[in-house]
Amino acid sequence: MDIKKYIRTIPHYPKEGVMFRDITTLWQDATGLRTAIDQLVWPYTGVRIDKVAGIEARGFVLGGAIAHQLSVGFVPVRKKGKLPAATIAEEYELEYGTDTVEIHEDAIEEGENILIVDDLIATGGTAEAAIKLIRRAKGTIVGAAFIIDLPDLGGRARIEKMGVNVQTLCEFEGD
């Protein structure tokens with residue numbers, strides 16, 4: 001199944017010149033959603049994974065479904081100030097400024113195998129911050145899975161340079 005055909009493109013959102021890739025159209029189609037989850041899970045069948053880390057916010061939807069399929073726990077990677085207990089944080093660069101993501105201090109036990117999940121890999125800044133957080137928590141990253149890759153923005157290469165295997169279901173290049 002061609003996952004790409006289920007993804008709506010919205011020109012000039014959230015600002016002029018941006019081609020926004022909207023996966024809600026994929027999620028609202030039962031077959032499309034099921035196929036995407038199955039394709040993201042399949043490479044990890046038989047791999048020891050202890051938890052899935054989903055990056056806010058669309059990564060929560062995917063990560064929860066993937067964690068369920070793998071029968072493992074789920075760790076939310078949230079924007080600063082959204083988690084109620086003690087956290088560890090990682091700041092990362094944006095096009096204009098910085099942002100911060102956090103996980104709970106007790107979310108990952110030393111040596112646990114973690115799969116990172118989000119809807120899209122663009123520049124890779126948020127995914128890199130999530131990787132650094134998990135490594136600081138002494139977790140082992142077994143991979144990073146995304147529905148969409150925007151290869152022109154270099155995120156996949158950035159994450160692979162960190163020694164993390166990246167899996168994507170489709171690419172949108174320079175259109």
# chains A, B, ... in the order shown; residues from 1 in each chain; ligands from 1
>>> closest_atom_pairs(of="range 3-49 of chain A", to="range 143-160 of chain A", cutoff="10 Å", atoms="only C-alpha atoms", output="JSON lines")
{"residue": "A:Ile3", "atom": "CA", "partner": "A:Ile147", "partner_atom": "CA", "distance": 8.4}
{"residue": "A:Lys4", "atom": "CA", "partner": "A:Ile148", "partner_atom": "CA", "distance": 8.4}
{"residue": "A:Ile7", "atom": "CA", "partner": "A:Ile148", "partner_atom": "CA", "distance": 9.4}
{"residue": "A:Arg21", "atom": "CA", "partner": "A:Ile148", "partner_atom": "CA", "distance": 8.3}
{"residue": "A:Ile23", "atom": "CA", "partner": "A:Ile147", "partner_atom": "CA", "distance": 8.7}
{"residue": "A:Ala36", "atom": "CA", "partner": "A:Ile147", "partner_atom": "CA", "distance": 7.3}
{"residue": "A:Ile37", "atom": "CA", "partner": "A:Ile147", "partner_atom": "CA", "distance": 9.1}
{"residue": "A:Gln39", "atom": "CA", "partner": "A:Ile147", "partner_atom": "CA", "distance": 9.2}
{"residue": "A:Leu40", "atom": "CA", "partner": "A:Ala145", "partner_atom": "CA", "distance": 6.4}
{"residue": "A:Val41", "atom": "CA", "partner": "A:Ala145", "partner_atom": "CA", "distance": 8.8}
{"residue": "A:Pro43", "atom": "CA", "partner": "A:Ala145", "partner_atom": "CA", "distance": 9.7}
{"residue": "A:Tyr44", "atom": "CA", "partner": "A:Gly143", "partner_atom": "CA", "distance": 8.8}
{"residue": "A:Ile49", "atom": "CA", "partner": "A:Gly143", "partner_atom": "CA", "distance": 9.8}
>>> residues_around(residues="Asp99 in chain A", least_positions_apart="6", cutoff="8 Å", atoms="only C-alpha atoms", output="MDAnalysis selection string")
chainID A and resid 79:80 91:93
>>> residues_around(residues="Val101 in chain A", least_positions_apart="5", cutoff="9 Å", atoms="only C-alpha atoms", output="NGL selection string")
:A and (55-56 or 77-81 or 88-92 or 126 or 129-130 or 133)
>>> closest_residue(among="A:Gly17, A:Glu95, A:Gly125, A:Lys82", to="Ala57 in chain A", atoms="only C-alpha atoms")
A:Lys82
>>> atom_distance(atom1="CA of Met1 in chain A", atom2="CA of Leu120 in chain A")
18.6 Å
>>> residues_around(residues="range 61-65 of chain A", least_positions_apart="3", cutoff="9 Å", atoms="only C-alpha atoms", output="PyMOL selection string")
chain A and resi 37+52-55+57-58+68-70+73-76+115-119
>>> closest_residue(among="A:Ala107, A:Ile114, A:Leu83, A:Val18", to="Ala67 in chain A", atoms="only C-alpha atoms")
A:Ile114
>>> select_by_dssp(residues="range 15-162 of chain A", states="alpha helix (DSSP H)", output="PDB file with N, CA and C atoms, in the first residue's frame")
ATOM      1  N   THR A  24      -3.309  13.480   9.337  1.00  0.00           N
ATOM      2  CA  THR A  24      -4.639  13.173   9.882  1.00  0.00           C
ATOM      3  C   THR A  24      -5.504  12.457   8.854  1.00  0.00           C
ATOM      4  N   THR A  25      -5.267  12.709   7.578  1.00  0.00           N
ATOM      5  CA  THR A  25      -6.012  12.009   6.533  1.00  0.00           C
ATOM      6  C   THR A  25      -5.628  10.530   6.475  1.00  0.00           C
ATOM      7  N   LEU A  26      -4.384  10.228   6.825  1.00  0.00           N
ATOM      8  CA  LEU A  26      -3.948   8.832   6.940  1.00  0.00           C
ATOM      9  C   LEU A  26      -4.615   8.177   8.140  1.00  0.00           C
ATOM     10  N   TRP A  27      -4.622   8.887   9.262  1.00  0.00           N
ATOM     11  CA  TRP A  27      -5.192   8.332  10.496  1.00  0.00           C
ATOM     12  C   TRP A  27      -6.695   8.081  10.407  1.00  0.00           C
ATOM     13  N   ALA A  30      -9.088   3.737   8.208  1.00  0.00           N
ATOM     14  CA  ALA A  30      -8.763   2.566   9.030  1.00  0.00           C
ATOM     15  C   ALA A  30      -7.670   1.698   8.401  1.00  0.00           C
ATOM     16  N   THR A  31      -7.765   1.455   7.105  1.00  0.00           N
ATOM     17  CA  THR A  31      -6.766   0.635   6.432  1.00  0.00           C
ATOM     18  C   THR A  31      -5.421   1.349   6.378  1.00  0.00           C
ATOM     19  N   GLY A  32      -5.448   2.625   6.084  1.00  0.00           N
ATOM     20  CA  GLY A  32      -4.209   3.395   6.025  1.00  0.00           C
ATOM     21  C   GLY A  32      -3.507   3.437   7.376  1.00  0.00           C
ATOM     22  N   LEU A  33      -4.260   3.709   8.430  1.00  0.00           N
ATOM     23  CA  LEU A  33      -3.685   3.758   9.782  1.00  0.00           C
ATOM     24  C   LEU A  33      -3.109   2.405  10.163  1.00  0.00           C
ATOM     25  N   ARG A  34      -3.869   1.356   9.964  1.00  0.00           N
ATOM     26  CA  ARG A  34      -3.421   0.008  10.330  1.00  0.00           C
ATOM     27  C   ARG A  34      -2.160  -0.368   9.545  1.00  0.00           C
ATOM     28  N   THR A  35      -2.152  -0.060   8.266  1.00  0.00           N
ATOM     29  CA  THR A  35      -1.002  -0.381   7.428  1.00  0.00           C
ATOM     30  C   THR A  35       0.244   0.380   7.891  1.00  0.00           C
ATOM     31  N   ALA A  36       0.079   1.667   8.187  1.00  0.00           N
ATOM     32  CA  ALA A  36       1.222   2.467   8.647  1.00  0.00           C
ATOM     33  C   ALA A  36       1.781   1.909   9.951  1.00  0.00           C
ATOM     34  N   ILE A  37       0.924   1.605  10.907  1.00  0.00           N
ATOM     35  CA  ILE A  37       1.383   1.053  12.189  1.00  0.00           C
ATOM     36  C   ILE A  37       2.082  -0.287  11.956  1.00  0.00           C
ATOM     37  N   ASP A  38       1.471  -1.148  11.161  1.00  0.00           N
ATOM     38  CA  ASP A  38       2.079  -2.457  10.876  1.00  0.00           C
ATOM     39  C   ASP A  38       3.448  -2.295  10.220  1.00  0.00           C
ATOM     40  N   GLN A  39       3.572  -1.371   9.269  1.00  0.00           N
ATOM     41  CA  GLN A  39       4.847  -1.172   8.582  1.00  0.00           C
ATOM     42  C   GLN A  39       5.912  -0.591   9.501  1.00  0.00           C
ATOM     43  N   LEU A  40       5.500   0.221  10.477  1.00  0.00           N
ATOM     44  CA  LEU A  40       6.462   0.762  11.433  1.00  0.00           C
ATOM     45  C   LEU A  40       6.890  -0.294  12.453  1.00  0.00           C
ATOM     46  N   VAL A  41       6.006  -1.216  12.774  1.00  0.00           N
ATOM     47  CA  VAL A  41       6.293  -2.269  13.763  1.00  0.00           C
ATOM     48  C   VAL A  41       7.123  -3.401  13.149  1.00  0.00           C
ATOM     49  N   ARG A  58       2.172  14.298  17.715  1.00  0.00           N
ATOM     50  CA  ARG A  58       1.718  13.214  16.841  1.00  0.00           C
ATOM     51  C   ARG A  58       2.444  11.910  17.126  1.00  0.00           C
ATOM     52  N   GLY A  59       3.642  12.006  17.679  1.00  0.00           N
ATOM     53  CA  GLY A  59       4.365  10.800  18.079  1.00  0.00           C
ATOM     54  C   GLY A  59       3.701  10.065  19.223  1.00  0.00           C
ATOM     55  N   PHE A  60       2.819  10.757  19.967  1.00  0.00           N
ATOM     56  CA  PHE A  60       2.066  10.085  21.035  1.00  0.00           C
ATOM     57  C   PHE A  60       1.065   9.099  20.436  1.00  0.00           C
ATOM     58  N   VAL A  61       0.379   9.534  19.383  1.00  0.00           N
ATOM     59  CA  VAL A  61      -0.622   8.677  18.737  1.00  0.00           C
ATOM     60  C   VAL A  61       0.061   7.444  18.157  1.00  0.00           C
ATOM     61  N   LEU A  62       1.094   7.669  17.372  1.00  0.00           N
ATOM     62  CA  LEU A  62       1.814   6.553  16.756  1.00  0.00           C
ATOM     63  C   LEU A  62       2.512   5.693  17.789  1.00  0.00           C
ATOM     64  N   GLY A  63       3.204   6.348  18.724  1.00  0.00           N
ATOM     65  CA  GLY A  63       3.956   5.614  19.742  1.00  0.00           C
ATOM     66  C   GLY A  63       3.077   4.752  20.613  1.00  0.00           C
ATOM     67  N   GLY A  64       1.908   5.265  20.982  1.00  0.00           N
ATOM     68  CA  GLY A  64       0.980   4.469  21.784  1.00  0.00           C
ATOM     69  C   GLY A  64       0.516   3.228  21.043  1.00  0.00           C
ATOM     70  N   ALA A  65       0.189   3.389  19.771  1.00  0.00           N
ATOM     71  CA  ALA A  65      -0.258   2.247  18.968  1.00  0.00           C
ATOM     72  C   ALA A  65       0.873   1.233  18.770  1.00  0.00           C
ATOM     73  N   ILE A  66       2.077   1.728  18.523  1.00  0.00           N
ATOM     74  CA  ILE A  66       3.222   0.833  18.315  1.00  0.00           C
ATOM     75  C   ILE A  66       3.589   0.118  19.615  1.00  0.00           C
ATOM     76  N   ALA A  67       3.568   0.850  20.734  1.00  0.00           N
ATOM     77  CA  ALA A  67       3.845   0.217  22.030  1.00  0.00           C
ATOM     78  C   ALA A  67       2.829  -0.884  22.305  1.00  0.00           C
ATOM     79  N   HIS A  68       1.575  -0.621  21.992  1.00  0.00           N
ATOM     80  CA  HIS A  68       0.530  -1.645  22.165  1.00  0.00           C
ATOM     81  C   HIS A  68       0.826  -2.876  21.322  1.00  0.00           C
ATOM     82  N   GLN A  69       1.163  -2.649  20.057  1.00  0.00           N
ATOM     83  CA  GLN A  69       1.460  -3.775  19.155  1.00  0.00           C
ATOM     84  C   GLN A  69       2.659  -4.592  19.636  1.00  0.00           C
ATOM     85  N   LEU A  70       3.643  -3.912  20.209  1.00  0.00           N
ATOM     86  CA  LEU A  70       4.858  -4.592  20.676  1.00  0.00           C
ATOM     87  C   LEU A  70       4.736  -5.097  22.122  1.00  0.00           C
ATOM     88  N   GLY A 125      16.139  18.054  14.585  1.00  0.00           N
ATOM     89  CA  GLY A 125      16.477  18.670  15.869  1.00  0.00           C
ATOM     90  C   GLY A 125      15.752  18.063  17.060  1.00  0.00           C
ATOM     91  N   THR A 126      14.457  17.864  16.926  1.00  0.00           N
ATOM     92  CA  THR A 126      13.687  17.295  18.036  1.00  0.00           C
ATOM     93  C   THR A 126      14.072  15.837  18.260  1.00  0.00           C
ATOM     94  N   ALA A 127      14.234  15.088  17.189  1.00  0.00           N
ATOM     95  CA  ALA A 127      14.637  13.683  17.320  1.00  0.00           C
ATOM     96  C   ALA A 127      16.021  13.584  17.961  1.00  0.00           C
ATOM     97  N   GLU A 128      16.942  14.463  17.576  1.00  0.00           N
ATOM     98  CA  GLU A 128      18.270  14.458  18.179  1.00  0.00           C
ATOM     99  C   GLU A 128      18.179  14.732  19.682  1.00  0.00           C
ATOM    100  N   ALA A 129      17.341  15.687  20.067  1.00  0.00           N
ATOM    101  CA  ALA A 129      17.165  15.991  21.491  1.00  0.00           C
ATOM    102  C   ALA A 129      16.594  14.780  22.233  1.00  0.00           C
ATOM    103  N   ALA A 130      15.636  14.088  21.624  1.00  0.00           N
ATOM    104  CA  ALA A 130      15.059  12.889  22.241  1.00  0.00           C
ATOM    105  C   ALA A 130      16.121  11.800  22.413  1.00  0.00           C
ATOM    106  N   ILE A 131      16.961  11.627  21.412  1.00  0.00           N
ATOM    107  CA  ILE A 131      18.040  10.639  21.487  1.00  0.00           C
ATOM    108  C   ILE A 131      18.984  10.973  22.641  1.00  0.00           C
ATOM    109  N   LYS A 132      19.360  12.238  22.739  1.00  0.00           N
ATOM    110  CA  LYS A 132      20.261  12.651  23.820  1.00  0.00           C
ATOM    111  C   LYS A 132      19.632  12.425  25.193  1.00  0.00           C
ATOM    112  N   LEU A 133      18.340  12.716  25.320  1.00  0.00           N
ATOM    113  CA  LEU A 133      17.631  12.471  26.585  1.00  0.00           C
ATOM    114  C   LEU A 133      17.664  10.994  26.964  1.00  0.00           C
ATOM    115  N   ILE A 134      17.341  10.144  26.011  1.00  0.00           N
ATOM    116  CA  ILE A 134      17.287   8.703  26.275  1.00  0.00           C
ATOM    117  C   ILE A 134      18.668   8.177  26.629  1.00  0.00           C
ATOM    118  N   ARG A 135      19.674   8.651  25.956  1.00  0.00           N
ATOM    119  CA  ARG A 135      21.040   8.228  26.276  1.00  0.00           C
ATOM    120  C   ARG A 135      21.459   8.722  27.655  1.00  0.00           C
ATOM    121  N   ARG A 136      21.075   9.943  28.018  1.00  0.00           N
ATOM    122  CA  ARG A 136      21.380  10.442  29.365  1.00  0.00           C
ATOM    123  C   ARG A 136      20.684   9.622  30.439  1.00  0.00           C
ATOM    124  N   GLY A 155      17.408  15.718   8.123  1.00  0.00           N
ATOM    125  CA  GLY A 155      17.206  15.123   9.442  1.00  0.00           C
ATOM    126  C   GLY A 155      17.619  13.670   9.552  1.00  0.00           C
ATOM    127  N   ARG A 156      17.282  12.889   8.558  1.00  0.00           N
ATOM    128  CA  ARG A 156      17.641  11.470   8.591  1.00  0.00           C
ATOM    129  C   ARG A 156      19.150  11.294   8.684  1.00  0.00           C
ATOM    130  N   ALA A 157      19.885  12.009   7.835  1.00  0.00           N
ATOM    131  CA  ALA A 157      21.348  11.917   7.853  1.00  0.00           C
ATOM    132  C   ALA A 157      21.895  12.363   9.208  1.00  0.00           C
ATOM    133  N   ARG A 158      21.314  13.397   9.778  1.00  0.00           N
ATOM    134  CA  ARG A 158      21.745  13.907  11.082  1.00  0.00           C
ATOM    135  C   ARG A 158      21.591  12.847  12.165  1.00  0.00           C
ATOM    136  N   ILE A 159      20.471  12.143  12.152  1.00  0.00           N
ATOM    137  CA  ILE A 159      20.200  11.107  13.159  1.00  0.00           C
ATOM    138  C   ILE A 159      21.069   9.880  12.905  1.00  0.00           C
ATOM    139  N   GLU A 160      21.249   9.518  11.644  1.00  0.00           N
ATOM    140  CA  GLU A 160      22.106   8.372  11.333  1.00  0.00           C
ATOM    141  C   GLU A 160      23.555   8.637  11.730  1.00  0.00           C
ATOM    142  N   LYS A 161      24.016   9.900  11.651  1.00  0.00           N
ATOM    143  CA  LYS A 161      25.361  10.247  12.110  1.00  0.00           C
ATOM    144  C   LYS A 161      25.532   9.978  13.601  1.00  0.00           C
TER     145      LYS A 161
END
>>> closest_residue(among="A:Phe172, A:Thr87, A:Val164, A:Lys51", to="Glu112 in chain A", atoms="only C-alpha atoms")
A:Lys51
>>> closest_residue(among="A:Cys170, A:Ala137, A:Val142, A:Val47", to="Ile121 in chain A", atoms="only C-alpha atoms")
A:Cys170
>>> residues_around(residues="Thr9 in chain A", least_positions_apart="3", cutoff="8 Å", atoms="only C-alpha atoms", output="PyMOL selection string")
chain A and resi 19-22
>>> atom_distance(atom1="CA of Ile103 in chain A", atom2="CA of Met162 in chain A")
19.8 Å
>>> closest_residue(among="A:Tyr13, A:Glu102, A:Glu171, A:Ser71", to="Ala85 in chain A", atoms="only C-alpha atoms")
A:Glu102
>>> select_by_dssp(residues="range 40-164 of chain A", states="strand (DSSP E or B)", output="VMD selection string")
chain A and resid 51 to 55 73 to 79 87 to 94 97 to 104 113 to 121 140 to 149
>>> atom_distance(atom1="CA of Val166 in chain A", atom2="CA of Glu109 in chain A")
22.8 Å
